[in-house]
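Participant: One file: final.pdb (PDB, C-alpha atoms and all ligand atoms).
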ATOM      1  CA  MET A  76     -14.222  -8.597  -1.420
ATOM      2  CA  SER A  77     -13.161 -10.946  -4.229
ATOM      3  CA  ARG A  78     -11.858 -14.402  -3.433
ATOM      4  CA  THR A  79      -8.379 -13.529  -4.663
ATOM      5  CA  LEU A  80      -8.265 -10.385  -2.631
ATOM      6  CA  GLY A  81      -9.482 -12.284   0.426
ATOM      7  CA  LEU A  82      -6.637 -14.711  -0.105
ATOM      8  CA  CYS A  83      -4.058 -11.913  -0.428
ATOM      9  CA  VAL A  84      -5.289 -10.237   2.676
ATOM     10  CA  GLY A  85      -5.260 -13.573   4.489
ATOM     11  CA  VAL A  86      -1.658 -14.183   3.513
ATOM     12  CA  ALA A  87      -0.674 -10.631   4.428
ATOM     13  CA  ALA A  88      -2.315 -11.171   7.811
ATOM     14  CA  THR A  89      -0.277 -14.328   8.356
ATOM     15  CA  ILE A  90       2.933 -12.450   7.618
ATOM     16  CA  LEU A  91       1.978  -9.669   9.999
ATOM     17  CA  LEU A  92       1.105 -12.174  12.705
ATOM     18  CA  LEU A  93       4.436 -13.924  12.305
ATOM     19  CA  ALA A  94       6.115 -10.583  12.835
ATOM     20  CA  GLU A  95       3.927 -10.114  15.913
ATOM     21  CA  ASP A  96       5.338 -13.299  17.450
ATOM     22  CA  LEU A  97       8.841 -11.862  17.223
ATOM     23  CA  LYS A  98       8.051  -8.740  19.165
ATOM     24  CA  ALA A  99      10.090  -7.903  22.237
ATOM     25  CA  ALA A 100       8.876  -6.182  25.416
ATOM     26  CA  ALA A 101       5.781  -4.059  24.818
ATOM     27  CA  PRO A 102       6.764  -0.416  24.274
ATOM     28  CA  ASN A 103       4.491   2.392  25.415
ATOM     29  CA  LYS A 104       6.002   5.374  23.639
ATOM     30  CA  LEU A 105       6.292   6.259  19.971
ATOM     31  CA  PRO A 106       9.803   5.451  18.692
ATOM     32  CA  PRO A 107      12.200   8.435  18.982
ATOM     33  CA  GLY A 108      12.071   9.448  15.277
ATOM     34  CA  PHE A 109       8.282   9.973  15.306
ATOM     35  CA  LYS A 110       6.694  13.399  15.563
ATOM     36  CA  LEU A 111       4.102  14.207  18.237
ATOM     37  CA  CYS A 112       1.210  16.563  17.481
ATOM     38  CA  PRO A 113      -1.071  18.656  19.665
ATOM     39  CA  ARG A 114      -4.624  17.344  19.894
ATOM     40  CA  ASN A 115      -6.831  20.399  19.568
ATOM     41  CA  ASP A 116      -4.878  23.197  18.027
ATOM     42  CA  PRO A 117      -4.990  25.238  14.805
ATOM     43  CA  THR A 118      -1.678  23.599  13.840
ATOM     44  CA  THR A 119      -2.840  19.985  14.362
ATOM     45  CA  SER A 120      -3.571  19.346  10.694
ATOM     46  CA  SER A 121      -0.284  20.697   9.362
ATOM     47  CA  CYS A 122       1.570  18.935  12.177
ATOM     48  CA  LEU A 123      -0.045  15.644  11.148
ATOM     49  CA  GLU A 124       1.028  16.147   7.512
ATOM     50  CA  GLU A 125       4.605  16.164   8.693
ATOM     51  CA  ALA A 126       4.050  13.466  11.321
ATOM     52  CA  ILE A 127       2.582  11.068   8.726
ATOM     53  CA  SER A 128       5.404  11.720   6.226
ATOM     54  CA  VAL A 129       7.931  11.150   9.026
ATOM     55  CA  ALA A 130       6.137   7.991  10.198
ATOM     56  CA  LEU A 131       6.196   6.474   6.679
ATOM     57  CA  HIS A 132       9.914   7.203   6.539
ATOM     58  CA  GLU A 133      10.471   5.681   9.996
ATOM     59  CA  LEU A 134       8.495   2.552   9.055
ATOM     60  CA  ALA A 135      10.904   1.814   6.180
ATOM     61  CA  SER A 136      12.755  -0.872   8.121
ATOM     62  CA  GLY A 137       9.765  -1.903  10.257
ATOM     63  CA  LEU A 138       9.297  -1.686  14.016
ATOM     64  CA  PRO A 139       9.807  -5.193  15.418
ATOM     65  CA  GLU A 140       8.944  -4.026  18.948
ATOM     66  CA  PHE A 141       5.464  -3.105  17.661
ATOM     67  CA  GLY A 142       5.134  -6.188  15.460
ATOM     68  CA  ILE A 143       5.285  -3.949  12.370
ATOM     69  CA  PRO A 144       7.043  -5.477   9.345
ATOM     70  CA  THR A 145       9.263  -3.545   6.967
ATOM     71  CA  LEU A 146       7.573  -1.110   4.568
ATOM     72  CA  GLU A 147      10.644  -0.970   2.301
ATOM     73  CA  PRO A 148       9.803  -2.926   0.327
ATOM     74  CA  LEU A 149       6.103  -3.559   0.913
ATOM     75  CA  GLU A 150       5.696  -7.267   0.178
ATOM     76  CA  ILE A 151       2.484  -8.670  -1.257
ATOM     77  CA  PRO A 152       2.390 -12.453  -1.678
ATOM     78  CA  GLN A 153      -0.145 -12.657  -4.482
ATOM     79  CA  LEU A 154      -2.425 -10.531  -6.649
ATOM     80  CA  SER A 155      -4.388 -11.515  -9.750
ATOM     81  CA  ILE A 156      -6.088  -9.502 -12.460
ATOM     82  CA  GLY A 157      -8.246 -10.440 -15.406
ATOM     83  CA  ASP A 158     -11.825 -11.463 -15.897
ATOM     84  CA  PRO A 159     -12.131 -14.898 -17.555
ATOM     85  CA  ASN A 160     -15.499 -13.869 -19.058
ATOM     86  CA  SER A 161     -14.338 -10.562 -20.472
ATOM     87  CA  ASN A 162     -14.476  -9.723 -24.184
ATOM     88  CA  ALA A 163     -12.535  -6.487 -23.703
ATOM     89  CA  PRO A 164      -9.731  -5.669 -26.192
ATOM     90  CA  VAL A 165      -7.258  -5.978 -23.334
ATOM     91  CA  ASN A 166      -8.122  -9.326 -21.797
ATOM     92  CA  LEU A 167      -5.060 -10.489 -19.918
ATOM     93  CA  LYS A 168      -5.260 -12.873 -17.012
ATOM     94  CA  ILE A 169      -2.172 -12.282 -14.923
ATOM     95  CA  ASN A 170      -1.136 -13.854 -11.648
ATOM     96  CA  PHE A 171       1.487 -11.813  -9.848
ATOM     97  CA  THR A 172       3.378 -13.456  -6.965
ATOM     98  CA  ASP A 173       6.137 -12.272  -4.588
ATOM     99  CA  ILE A 174       5.393  -8.617  -5.312
ATOM    100  CA  ARG A 175       7.849  -6.145  -3.811
ATOM    101  CA  ILE A 176       6.958  -2.452  -3.952
ATOM    102  CA  TYR A 177       9.726   0.069  -3.298
ATOM    103  CA  ASN A 178       9.724   3.713  -2.202
ATOM    104  CA  ILE A 179       6.389   3.933  -0.358
ATOM    105  CA  SER A 180       8.358   5.171   2.654
ATOM    106  CA  SER A 181       9.240   8.289   0.590
ATOM    107  CA  ALA A 182       5.560   9.218   0.177
ATOM    108  CA  LYS A 183       4.621  12.646   1.493
ATOM    109  CA  SER A 184       1.384  13.642   3.114
ATOM    110  CA  THR A 185       0.375  17.004   1.635
ATOM    111  CA  ASN A 186      -2.992  17.456   3.293
ATOM    112  CA  VAL A 187      -4.733  16.007   6.341
ATOM    113  CA  LYS A 188      -8.411  16.454   7.058
ATOM    114  CA  LEU A 189      -9.220  15.963  10.671
ATOM    115  CA  ASP A 190     -12.088  15.580  13.077
ATOM    116  CA  VAL A 191     -10.374  14.999  16.401
ATOM    117  CA  ASP A 192     -13.576  14.472  18.380
ATOM    118  CA  ALA A 193     -14.747  11.762  15.988
ATOM    119  CA  PHE A 194     -11.178  10.392  15.589
ATOM    120  CA  LEU A 195     -11.423  10.673  11.842
ATOM    121  CA  ILE A 196      -8.062  11.356  10.171
ATOM    122  CA  SER A 197      -7.947  11.596   6.374
ATOM    123  CA  PRO A 198      -4.456  12.038   4.918
ATOM    124  CA  HIS A 199      -3.769  12.756   1.261
ATOM    125  CA  VAL A 200      -0.442  11.222   0.182
ATOM    126  CA  GLU A 201       1.652  11.670  -2.939
ATOM    127  CA  ILE A 202       4.704   9.935  -4.274
ATOM    128  CA  ASP A 203       6.795  10.903  -7.308
ATOM    129  CA  SER A 204       7.978   7.474  -8.223
ATOM    130  CA  ILE A 205       7.443   3.841  -7.226
ATOM    131  CA  TYR A 206       9.310   0.808  -8.484
ATOM    132  CA  ALA A 207       7.947  -2.718  -8.126
ATOM    133  CA  GLU A 208       8.958  -6.193  -9.201
ATOM    134  CA  ALA A 209       7.180  -9.514  -9.142
ATOM    135  CA  HIS A 210       6.958 -12.937 -10.692
ATOM    136  CA  TYR A 211       4.129 -13.163 -13.238
ATOM    137  CA  LYS A 212       2.193 -15.797 -15.120
ATOM    138  CA  MET A 213       0.118 -14.416 -17.990
ATOM    139  CA  ASP A 214      -2.385 -15.796 -20.440
ATOM    140  CA  GLY A 215      -4.870 -13.972 -22.651
ATOM    141  CA  ARG A 216      -5.152 -11.529 -25.510
ATOM    142  CA  ILE A 217      -4.303  -7.919 -26.096
ATOM    143  CA  LEU A 218      -5.961  -6.302 -29.140
ATOM    144  CA  LEU A 219      -6.672  -9.807 -30.536
ATOM    145  CA  ILE A 220      -3.018 -10.885 -30.233
ATOM    146  CA  PRO A 221      -2.466 -13.857 -27.899
ATOM    147  CA  ALA A 222      -0.128 -13.105 -25.015
ATOM    148  CA  LYS A 223       1.462 -15.759 -22.840
ATOM    149  CA  GLY A 224       4.444 -15.963 -20.579
ATOM    150  CA  GLU A 225       5.952 -16.474 -17.187
ATOM    151  CA  GLY A 226       8.906 -14.753 -15.551
ATOM    152  CA  LYS A 227       9.909 -11.489 -13.948
ATOM    153  CA  VAL A 228       7.960  -8.253 -14.389
ATOM    154  CA  VAL A 229       8.997  -4.764 -13.321
ATOM    155  CA  PHE A 230       6.696  -1.769 -12.869
ATOM    156  CA  ASN A 231       7.417   1.953 -12.645
ATOM    157  CA  LEU A 232       4.639   4.211 -11.416
ATOM    158  CA  THR A 233       4.971   7.968 -11.742
ATOM    159  CA  ASN A 234       3.205  10.518  -9.555
ATOM    160  CA  LEU A 235       0.798   8.333  -7.623
ATOM    161  CA  HIS A 236      -1.729   9.948  -5.258
ATOM    162  CA  GLY A 237      -3.859   8.328  -2.590
ATOM    163  CA  ASP A 238      -6.379   9.263   0.079
ATOM    164  CA  GLY A 239      -6.716   7.441   3.365
ATOM    165  CA  ALA A 240      -9.423   7.674   5.996
ATOM    166  CA  MET A 241      -8.774   6.276   9.440
ATOM    167  CA  THR A 242     -11.593   6.024  11.924
ATOM    168  CA  GLY A 243     -11.279   5.087  15.541
ATOM    169  CA  GLU A 244     -12.651   5.512  19.012
ATOM    170  CA  LYS A 245     -11.269   6.298  22.401
ATOM    171  CA  ILE A 246     -11.045   3.363  24.815
ATOM    172  CA  MET A 247      -9.649   3.042  28.360
ATOM    173  CA  LYS A 248      -6.943   0.520  29.247
ATOM    174  CA  LYS A 249      -5.319   0.531  32.694
ATOM    175  CA  ASN A 250      -6.692   4.015  33.380
ATOM    176  CA  LYS A 251      -5.195   5.438  30.209
ATOM    177  CA  GLU A 252      -6.885   6.557  27.019
ATOM    178  CA  TYR A 253      -5.973   4.689  23.841
ATOM    179  CA  LEU A 254      -7.147   5.047  20.277
ATOM    180  CA  LYS A 255      -8.794   1.898  18.979
ATOM    181  CA  VAL A 256      -8.427   1.930  15.177
ATOM    182  CA  ASN A 257     -11.665   0.673  13.637
ATOM    183  CA  ASP A 258     -11.023   1.126   9.957
ATOM    184  CA  PHE A 259      -8.522   2.455   7.465
ATOM    185  CA  SER A 260      -9.848   2.855   3.956
ATOM    186  CA  PHE A 261      -7.472   3.810   1.197
ATOM    187  CA  GLU A 262      -8.076   4.954  -2.350
ATOM    188  CA  LEU A 263      -5.533   5.347  -5.143
ATOM    189  CA  ASN A 264      -6.960   8.132  -7.255
ATOM    190  CA  HIS A 265      -4.284   9.557  -9.509
ATOM    191  CA  LEU A 266      -1.450   8.125 -11.573
ATOM    192  CA  ASP A 267       0.474   9.944 -14.320
ATOM    193  CA  LYS A 268       2.006   6.871 -15.872
ATOM    194  CA  LEU A 269       2.556   3.152 -15.453
ATOM    195  CA  VAL A 270       5.438   1.500 -17.307
ATOM    196  CA  LEU A 271       5.622  -2.297 -17.278
ATOM    197  CA  HIS A 272       8.188  -4.695 -18.634
ATOM    198  CA  PHE A 273       7.425  -8.409 -18.788
ATOM    199  CA  GLU A 274      10.503 -10.588 -19.238
ATOM    200  CA  ASN A 275      10.393 -13.943 -20.974
ATOM    201  CA  LEU A 276       7.097 -13.579 -22.859
ATOM    202  CA  PHE A 277       6.598 -16.650 -25.096
ATOM    203  CA  ASN A 278       9.731 -18.162 -23.512
ATOM    204  CA  GLY A 279      11.822 -15.166 -24.532
ATOM    205  CA  ASP A 280      10.661 -14.836 -28.171
ATOM    206  CA  LYS A 281      12.632 -11.906 -29.613
ATOM    207  CA  THR A 282       9.756 -10.551 -31.747
ATOM    208  CA  LEU A 283       6.600 -11.338 -29.783
ATOM    209  CA  GLY A 284       8.042 -10.229 -26.436
ATOM    210  CA  PRO A 285       8.713  -6.603 -27.454
ATOM    211  CA  THR A 286       5.422  -6.490 -29.425
ATOM    212  CA  ILE A 287       3.358  -7.502 -26.396
ATOM    213  CA  ASN A 288       5.312  -5.199 -24.067
ATOM    214  CA  ASN A 289       4.674  -2.264 -26.431
ATOM    215  CA  LEU A 290       0.955  -3.036 -26.613
ATOM    216  CA  VAL A 291       0.758  -3.417 -22.834
ATOM    217  CA  ASN A 292       2.408  -0.023 -22.333
ATOM    218  CA  GLU A 293       0.254   1.696 -24.960
ATOM    219  CA  ASN A 294      -2.747   0.340 -23.008
ATOM    220  CA  TRP A 295      -1.390   0.864 -19.490
ATOM    221  CA  MET A 296      -4.564   2.624 -18.347
ATOM    222  CA  GLU A 297      -6.533  -0.560 -18.941
ATOM    223  CA  ILE A 298      -4.055  -2.587 -16.846
ATOM    224  CA  TRP A 299      -4.082   0.090 -14.149
ATOM    225  CA  SER A 300      -7.880   0.100 -14.013
ATOM    226  CA  GLN A 301      -7.681  -3.589 -13.038
ATOM    227  CA  LEU A 302      -4.704  -3.296 -10.668
ATOM    228  CA  ARG A 303      -5.854  -0.188  -8.829
ATOM    229  CA  VAL A 304      -8.597  -1.631  -6.630
ATOM    230  CA  PRO A 305      -6.814  -4.783  -5.381
ATOM    231  CA  LEU A 306      -3.694  -2.706  -4.758
ATOM    232  CA  GLN A 307      -5.519  -0.032  -2.784
ATOM    233  CA  GLU A 308      -7.304  -2.702  -0.725
ATOM    234  CA  ILE A 309      -4.004  -4.336   0.193
ATOM    235  CA  CYS A 310      -2.407  -0.961   1.023
ATOM    236  CA  GLY A 311      -5.427   0.009   3.137
ATOM    237  CA  TYR A 312      -5.277  -3.318   4.952
ATOM    238  CA  SER A 313      -1.529  -2.932   5.623
ATOM    239  CA  PHE A 314      -1.883   0.682   6.803
ATOM    240  CA  ARG A 315      -4.761  -0.294   9.112
ATOM    241  CA  GLU A 316      -2.634  -3.027  10.688
ATOM    242  CA  TYR A 317       0.330  -0.640  11.055
ATOM    243  CA  ALA A 318      -1.881   1.978  12.709
ATOM    244  CA  ARG A 319      -3.573  -0.600  14.964
ATOM    245  CA  ARG A 320      -0.276  -1.908  16.207
ATOM    246  CA  LEU A 321       1.046   1.556  16.983
ATOM    247  CA  PHE A 322      -2.067   2.947  18.669
ATOM    248  CA  ASP A 323      -2.685  -0.303  20.540
ATOM    249  CA  LYS A 324       0.554   0.172  22.478
ATOM    250  CA  VAL A 325       0.935   3.925  22.841
ATOM    251  CA  PRO A 326      -1.509   5.897  25.025
ATOM    252  CA  LEU A 327      -3.307   8.655  23.193
ATOM    253  CA  ASP A 328      -1.643  11.368  25.281
ATOM    254  CA  ASP A 329       1.730  10.174  23.985
ATOM    255  CA  VAL A 330       0.601  10.472  20.334
ATOM    256  CA  PHE A 331      -1.679  13.483  20.421
ATOM    257  CA  LEU A 332      -0.576  15.698  23.256
ATOM    258  CA  VAL A 333      -3.427  17.442  24.971
ATOM    259  CA  LYS A 334      -1.418  20.668  24.899
ATOM    260  CA  ALA A 335       0.957  21.822  22.191
ATOM    261  CA  PRO A 336       4.483  20.410  22.835
TER
HETATM  262  C1  LIG B   1      11.302   7.832  -4.245
HETATM  263  O1  LIG B   1      10.381   8.860  -3.970
HETATM  264  C2  LIG B   1      10.971  10.140  -3.850
HETATM  265  C3  LIG B   1       9.905  11.126  -3.367
HETATM  266  O2  LIG B   1       8.680  10.987  -4.048
HETATM  267  C4  LIG B   1      11.585  10.532  -5.194
HETATM  268  O3  LIG B   1      12.188  11.796  -5.111
HETATM  269  C5  LIG B   1      12.625   9.471  -5.582
HETATM  270  O4  LIG B   1      13.096   9.736  -6.881
HETATM  271  C6  LIG B   1      12.021   8.077  -5.560
HETATM  272  N1  LIG B   1      13.072   7.092  -5.757
HETATM  273  C7  LIG B   1      13.003   6.135  -6.663
HETATM  274  C8  LIG B   1      14.166   5.194  -6.713
HETATM  275  O5  LIG B   1      12.069   6.000  -7.423
HETATM  276  C1  LIG B   2      -3.812 -17.912 -11.753
HETATM  277  O1  LIG B   2      -4.051 -18.610 -10.536
HETATM  278  C2  LIG B   2      -5.323 -19.251 -10.530
HETATM  279  C3  LIG B   2      -5.543 -19.793  -9.139
HETATM  280  O2  LIG B   2      -4.352 -20.239  -8.549
HETATM  281  C4  LIG B   2      -5.350 -20.326 -11.612
HETATM  282  O3  LIG B   2      -6.598 -20.942 -11.628
HETATM  283  C5  LIG B   2      -5.098 -19.659 -12.962
HETATM  284  O4  LIG B   2      -5.031 -20.637 -13.977
HETATM  285  C6  LIG B   2      -3.806 -18.875 -12.955
HETATM  286  N1  LIG B   2      -3.694 -18.101 -14.186
HETATM  287  C7  LIG B   2      -2.591 -18.081 -14.918
HETATM  288  C8  LIG B   2      -2.584 -17.214 -16.120
HETATM  289  O5  LIG B   2      -1.588 -18.724 -14.600
HETATM  290  C1  LIG B   3      12.137   1.954 -13.908
HETATM  291  O1  LIG B   3      12.877   2.919 -13.189
HETATM  292  C2  LIG B   3      14.226   2.556 -12.948
HETATM  293  C3  LIG B   3      14.876   3.625 -12.085
HETATM  294  O2  LIG B   3      13.999   4.208 -11.185
HETATM  295  C4  LIG B   3      14.937   2.392 -14.269
HETATM  296  O3  LIG B   3      16.269   1.949 -14.031
HETATM  297  C5  LIG B   3      14.218   1.364 -15.122
HETATM  298  O4  LIG B   3      14.797   1.314 -16.406
HETATM  299  C6  LIG B   3      12.750   1.703 -15.269
HETATM  300  N1  LIG B   3      12.077   0.591 -15.928
HETATM  301  C7  LIG B   3      11.198   0.777 -16.913
HETATM  302  C8  LIG B   3      10.572  -0.475 -17.450
HETATM  303  O5  LIG B   3      10.910   1.883 -17.339
END
Turn this file's structure into structure tokens for me.
Facilitator:
Amino acid sequence: MSRTLGLCVGVAATILLLAEDLKAAAPNKLPPGFKLCPRNDPTTSSCLEEAISVALHELASGLPEFGIPTLEPLEIPQLSIGDPNSNAPVNLKINFTDIRIYNISSAKSTNVKLDVDAFLISPHVEIDSIYAEAHYKMDGRILLIPAKGEGKVVFNLTNLHGDGAMTGEKIMKKNKEYLKVNDFSFELNHLDKLVLHFENLFNGDKTLGPTINNLVNENWMEIWSQLRVPLQEICGYSFREYARRLFDKVPLDDVFLVKAP
């Protein structure tokens, strides 16, 4: 894990822990909007597709009683891209701060691979459109042209796909079975298009600003190749914490019913 990423994750953890402090009495049931699935049934996989889509929707405004912060927007304190030693044609060092990502709660799970006995759940998720905004500070070069600025940046991502893999184990607490979430890896593996707009490049220069924005958008794949991994790590970390907090409080029989409901 890079130093920057470690920092991001550390900050995200602090935010989550603050939310934890605010939690009210410990609940022991999934909130009413959630969907329960049978544990060992031919329909379990398709049930989970719907249950995961519903859960993302329900998480939009967070679940304070579980110590789960709002997903709409997903807030990331800091993320940096750019390799100071790179000689690549697109060599931009960008610090993004106060990143807010909108519409993740509209993502749909379209496929779930499942091994109930091993507690391995691998959802595929897709989302038509994501909007994000952040503060940026940029320095570097794009196709030999210097690029510098600081201000607001907005992002539009079209048709983003990801694959998660949650692993866990069954543990006993007070004579009840619970799922202990061990890991949640997440990979972003498809994007149709990324559109970015940096405001205030070169202090708002009317010629250089649009020039750099055009070059950035013509080379969006290069930017995405640098953003993708830190972003997927942060999403995976957030999803793992969300899952941990849910499964920590709700007995397994109240999430995966032993018999079909
Ligand atoms: C949010 O995502 C949904 C489903 O993918 C999509 O239909 C909708 O247009 C998106 N909304 C925005 C504001 O991007
Ligand atoms: C980004 O942040 C790092 C660490 O805080 C700093 O060293 C670097 O100069 C910043 N880069 C830009 C372009 O502001
Ligand atoms: C991003 O999408 C929003 C609506 O979803 C639109 O208003 C905005 O102009 C788009 N921004 C860019 C830079 O394409």
Participant: What does the distance from atom CA of Ser180 of chain A to atom C7 of ligand LIG 1 (chain B) come to in Å, to one decimal?
Facilitator: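 A separation of 10.5 Å between them.
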Participant: Applying 8 Å and all atoms listed in the file, which residues near Asp329 of chain A remain after dropping the ones on its own chain fewer than 4 positions away? List them as a ChimeraX atom specification.
Facilitator: /A:104-105,111,325
Participant: List, as JSON, numbers by chain, every residue that the PyMOL selection byres (((chain A and resi 236) around 10) and not hetatm) selects in the file provided.
Facilitator: {"A": [182, 183, 184, 199, 200, 201, 202, 203, 233, 234, 235, 237, 238, 262, 263, 264, 265, 266, 267]}
Participant: Include C-alpha atoms and write out the residues we just selected as an mmCIF file, keeping the file's coordinate frame.
Facilitator:
data_model
loop_
_atom_site.group_PDB
_atom_site.id
_atom_site.type_symbol
_atom_site.label_atom_id
_atom_site.label_comp_id
_atom_site.auth_asym_id
_atom_site.auth_seq_id
_atom_site.Cartn_x
_atom_site.Cartn_y
_atom_site.Cartn_z
ATOM 1 C CA ALA A 182 5.560 9.218 0.177
ATOM 2 C CA LYS A 183 4.621 12.646 1.493
ATOM 3 C CA SER A 184 1.384 13.642 3.114
ATOM 4 C CA HIS A 199 -3.769 12.756 1.261
ATOM 5 C CA VAL A 200 -0.442 11.222 0.182
ATOM 6 C CA GLU A 201 1.652 11.670 -2.939
ATOM 7 C CA ILE A 202 4.704 9.935 -4.274
ATOM 8 C CA ASP A 203 6.795 10.903 -7.308
ATOM 9 C CA THR A 233 4.971 7.968 -11.742
ATOM 10 C CA ASN A 234 3.205 10.518 -9.555
ATOM 11 C CA LEU A 235 0.798 8.333 -7.623
ATOM 12 C CA GLY A 237 -3.859 8.328 -2.590
ATOM 13 C CA ASP A 238 -6.379 9.263 0.079
ATOM 14 C CA GLU A 262 -8.076 4.954 -2.350
ATOM 15 C CA LEU A 263 -5.533 5.347 -5.143
ATOM 16 C CA ASN A 264 -6.960 8.132 -7.255
ATOM 17 C CA HIS A 265 -4.284 9.557 -9.509
ATOM 18 C CA LEU A 266 -1.450 8.125 -11.573
ATOM 19 C CA ASP A 267 0.474 9.944 -14.320
#
Participant: Which residues match the PyMOL selection byres (((chain A and resi 316) around 9) and not hetatm) in the file above, as a CSV table (one decimal) with C-alpha atoms, in the frame of the given file?
Facilitator:
chain,number,residue,atom,x,y,z
A,88,ALA,CA,-2.3,-11.2,7.8
A,91,LEU,CA,2.0,-9.7,10.0
A,143,ILE,CA,5.3,-3.9,12.4
A,256,VAL,CA,-8.4,1.9,15.2
A,259,PHE,CA,-8.5,2.5,7.5
A,311,GLY,CA,-5.4,0.0,3.1
A,312,TYR,CA,-5.3,-3.3,5.0
A,313,SER,CA,-1.5,-2.9,5.6
A,314,PHE,CA,-1.9,0.7,6.8
A,315,ARG,CA,-4.8,-0.3,9.1
A,317,TYR,CA,0.3,-0.6,11.1
A,318,ALA,CA,-1.9,2.0,12.7
A,319,ARG,CA,-3.6,-0.6,15.0
A,320,ARG,CA,-0.3,-1.9,16.2
A,321,LEU,CA,1.0,1.6,17.0
Participant: Separation of atom CA of Lys248 of chain A and atom CA of Ala193 of chain A, in Å?
Facilitator: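 Calculated distance between atom CA of Lys248 of chain A and atom CA of Ala193 of chain A is 19.1 Å.
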